[in-house]
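Some notes on the structure that comes next.
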Amino acid sequence: MNAIEEKQGVYLSSFREIEERLAASAPSWLHEIRREAIESFAEKGFPTTRQEEWRNTNVAPIAAVPFERASEVRGESAASLAERISRLPLADLGCPRLVFINGHFSKQLSTLEAPPKGVKAGSLAEALASDGETLRGHLTRYAADYRQHAFVAVNTAFLEDGAFVEIPKGVVLDRPIYLLYVSEASGLPTVSYPRNLIMVGRESQASIIEGYVGPDAAPLFRPAGARSLTPEGIYFTNAVTEIAVGEGAVLQYHRIQQESETAFHFGRLQFHQERSSNVATHSVAIGGALVREEVMSVLDGEGAEATLDGLYVVTGRQHIDNQTTLDHAKPHCSSREVYRGVLDGESSAVFNGKIIVRKDAQKTDSKQSNKNLLLSEKAIIDTKPALEIYADDVKCTHGATIGQIDPEAVFYLRSRGIGRQEARDLLTYAFANDVLERIKYAPLRERLREGLFARLARGQRAEEG
């Protein structure tokens with residue numbers, strides 16, 4: 001048995017140790033799913049670089065660490081976190097906030113308001129305990145098949161808590177619902193398994209923010225060499241979010257990943273769209289040592305529309321892998337995708353964007369763009385936009401660019417009295433802001449812009465020093 005297989009056995013042993021407790025706190029049908037998921041993981045193991053979809057991302061650093069399940073934080077320990085959470089750059093966005101510590105819901109730290117009639121927002125564990133049969137037709141239905149995907153399989157096997165949000169037919173929310181996940185380091189390598197289920201009813205309108213952050217307050221877009229958020233050790237967040245969007249519903253979804261620089265992060269975000277629904281997704285990723293983010297939307301009803309916007313800013317030796325899929329399953333659907341990356345230091349990034357047009361999905365209109373700005377000669381980007389088209393009456397385009405800051409643009413700004421570094425910062429900001437300005441919720445958009453400005457200013461001072 002090699003080292004990776006040995007560490008894989010740690011997950012299997014951990015599941016056996018807690019299997020009885022998990023089974024006692026959830027419906028029997030979920031227990032069977034958990035068992036199927038862990039058996040699938042035992043059979044297939046962790047992905048390797050020999051697999052095409054993982055060719056540019058080596059997960060051996062994750063597989064080699066014997067992570068322990070992060071413990072639930074309660075009582076006085078949770079109270080002690082309140083002040084630290086209040087200092088987080090995105091702690092207060094002027095909207096209802098559900099806080100999760102190590103993947104477990106904390107009512108004590110959440111700021112809940114009386115929701116509109118029929119809206120449910122709270123703990124998935126509590127929802128399973130009180131109304132498990134209702135969730136049976138939804139949970140694990142929309143995410144990637146845990147029989148084929150190792151990280152989704154592990155998340156499903158250890159599925160225990162996360163967010164459950166249900167928005168009834170015709171309800172219009174005037175502010176987002178904020179799901180804030182905070183990892184609390186314990187000094188040992190720990191792992192948490194957040195699982196979110198969100199159901200947006202027919203003809204409703206809503207906005208959701210899903211945020212992940214390390215345990216200590218720190219400014220956004222931290223430059224290389226800044227203090228680690230988790231000096232005590234590393235941690236791993238393995239998160240899966242399933243979202244069902246009903247007929248004619250409109251959803252703005254934001255996913256902000258600002259994990260610690262020592263953290264590992266896997267995130268799967270899966271949408272299932274019905275007829276005439278409209279989903280706009282805004283993904284911003286700035287943290288983590290090794291990160292894999294997957295976003296997939298299945299347009300499974302005529303007239304559905306999807307927009308995927310993404311921004312990743314990495315430095316030092318960070319590595320981020322973005323995998324996106326727009327699956328056009330029905331005719332007369334449209335999609336737009338814009339992902340931009342800013343890479344500095346010795347960082348690396350991957351972008352694999354796929355547009356699938358099924359045989360019967362005639363009149364599909366889809367466009368995809370990935371642009372990358374390299375601020376260092378040592379930064380590396382692998383980008384591969386792809387089309388799989390099985391219909392003959394479609395309009396689909398894709399493209400990717402990799403470049404550095406335009407020296408002529410720098411010269412133009414310098415000729416008007418702007419310093420060289422300041423000119424580079426302004427051009428970098430303008431490049432990244434093209435994605436940020438698409439975020440409609442002003443408090444979130446402006447906070448992210450402030451963070452980007454602060455990061456660039458710190459970078460300039462570091463260079464001058």
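By convention here, the chains of the structure tokens are called A, B, ... in the order presented, each chain's residues are numbered starting at 1, and ligands are numbered starting at 1 in the order presented.
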
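DSSP, applied to the backbone of this structure, assigns alpha helix (DSSP H) to the following residues of region 261-440 of chain A: A:Pro407, A:Glu408, A:Ala409, A:Val410, A:Phe411, A:Tyr412, A:Leu413, A:Arg414, A:Arg420, A:Gln421, A:Glu422, A:Ala423, A:Arg424, A:Asp425, A:Leu426, A:Leu427, A:Thr428, A:Tyr429, A:Ala430, A:Phe431, A:Ala432, A:Asn433, A:Asp434, A:Val435, A:Leu436.
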
Q: Within 9 Å of His138 (chain A), counting only C-alpha atoms, which residues show up once you throw out same-chain ones fewer than 5 positions away? Write them as a ChimeraX atom specification, please.
A: /A:197,199,242,244

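Proximity of A:Phe266, A:Phe411, A:Tyr146, A:Tyr339 to Phe431 (chain A), computed with only C-alpha atoms, is greatest for A:Tyr339.
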
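Take the candidates A:Glu72, A:Asp392, A:Asp344, A:Glu377 and check each one against Thr190 (chain A) using only C-alpha atoms; the shortest distance goes to A:Glu72.
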
Q: For Ile356 (chain A), work out the shell of residues within 8 Å, counting only C-alpha atoms and skipping chain neighbours fewer than 2 positions away, then give it as JSON, numbers by chain.
A: {"A": [325, 326, 327, 328, 354, 358, 387, 388, 389]}

Preceding selection exported with N, CA and C atoms as an mmCIF file, in the first residue's frame:
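Final output, out29.cif:
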```
data_model
loop_
_atom_site.group_PDB
_atom_site.id
_atom_site.type_symbol
_atom_site.label_atom_id
_atom_site.label_comp_id
_atom_site.auth_asym_id
_atom_site.auth_seq_id
_atom_site.Cartn_x
_atom_site.Cartn_y
_atom_site.Cartn_z
ATOM 1 N N THR A 325 -18.916 24.335 -16.598
ATOM 2 C CA THR A 325 -19.687 23.632 -17.619
ATOM 3 C C THR A 325 -21.054 24.289 -17.771
ATOM 4 N N LEU A 326 -21.397 24.636 -18.999
ATOM 5 C CA LEU A 326 -22.726 25.105 -19.337
ATOM 6 C C LEU A 326 -23.355 24.048 -20.227
ATOM 7 N N ASP A 327 -24.327 23.341 -19.677
ATOM 8 C CA ASP A 327 -24.932 22.197 -20.360
ATOM 9 C C ASP A 327 -26.297 22.591 -20.896
ATOM 10 N N HIS A 328 -26.347 22.841 -22.208
ATOM 11 C CA HIS A 328 -27.608 23.219 -22.851
ATOM 12 C C HIS A 328 -28.366 21.941 -23.230
ATOM 13 N N LYS A 354 -16.260 24.491 -20.449
ATOM 14 C CA LYS A 354 -16.896 23.647 -21.450
ATOM 15 C C LYS A 354 -18.341 24.094 -21.692
ATOM 16 N N ARG A 358 -26.681 19.847 -26.392
ATOM 17 C CA ARG A 358 -27.265 18.537 -26.655
ATOM 18 C C ARG A 358 -27.957 18.495 -28.018
ATOM 19 N N LEU A 387 -15.886 23.490 -26.804
ATOM 20 C CA LEU A 387 -17.277 23.355 -27.246
ATOM 21 C C LEU A 387 -17.562 21.902 -27.601
ATOM 22 N N GLU A 388 -18.691 21.388 -27.125
ATOM 23 C CA GLU A 388 -19.199 20.081 -27.547
ATOM 24 C C GLU A 388 -20.603 20.304 -28.102
ATOM 25 N N ILE A 389 -20.705 20.316 -29.413
ATOM 26 C CA ILE A 389 -21.964 20.686 -30.046
ATOM 27 C C ILE A 389 -22.528 19.496 -30.821
#
```

(Q) For the strand (DSSP E) assignment from backbone DSSP, which residues of region 17-118 of chain A qualify? Please present them as a PyMOL selection string. (A) chain A and resi 68-69+97-101+104-111

For C-alpha atoms, I'd like the residues from the last selection saved as a PDB file, in the first residue's frame.
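Writing the result to again.pdb gives the following:
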```pdb
ATOM      1  CA  GLU A  68      -9.362  14.961  11.031  1.00  0.00           C
ATOM      2  CA  ARG A  69     -12.987  16.066  10.876  1.00  0.00           C
ATOM      3  CA  ARG A  97     -26.407  36.271   7.641  1.00  0.00           C
ATOM      4  CA  LEU A  98     -26.172  32.566   8.443  1.00  0.00           C
ATOM      5  CA  VAL A  99     -22.823  31.690  10.013  1.00  0.00           C
ATOM      6  CA  PHE A 100     -21.276  28.236   9.927  1.00  0.00           C
ATOM      7  CA  ILE A 101     -18.180  27.310  11.952  1.00  0.00           C
ATOM      8  CA  HIS A 104     -21.801  23.538  11.353  1.00  0.00           C
ATOM      9  CA  PHE A 105     -24.567  26.108  11.702  1.00  0.00           C
ATOM     10  CA  SER A 106     -24.181  28.601  14.564  1.00  0.00           C
ATOM     11  CA  LYS A 107     -27.436  30.290  15.477  1.00  0.00           C
ATOM     12  CA  GLN A 108     -25.551  32.245  18.133  1.00  0.00           C
ATOM     13  CA  LEU A 109     -23.346  33.955  15.535  1.00  0.00           C
ATOM     14  CA  SER A 110     -25.982  34.381  12.835  1.00  0.00           C
ATOM     15  CA  THR A 111     -28.000  37.531  12.293  1.00  0.00           C
TER      16      THR A 111
END
```

Q. Do you know which residues are at most 12 Å from His265 (chain A) counting only C-alpha atoms, after dropping those on the same chain fewer than 3 positions away, and could you put them as a ChimeraX atom specification?
A. /A:59,61-62,151,183,190-194,212-214,234-240,257-262,268,285-294,318-322
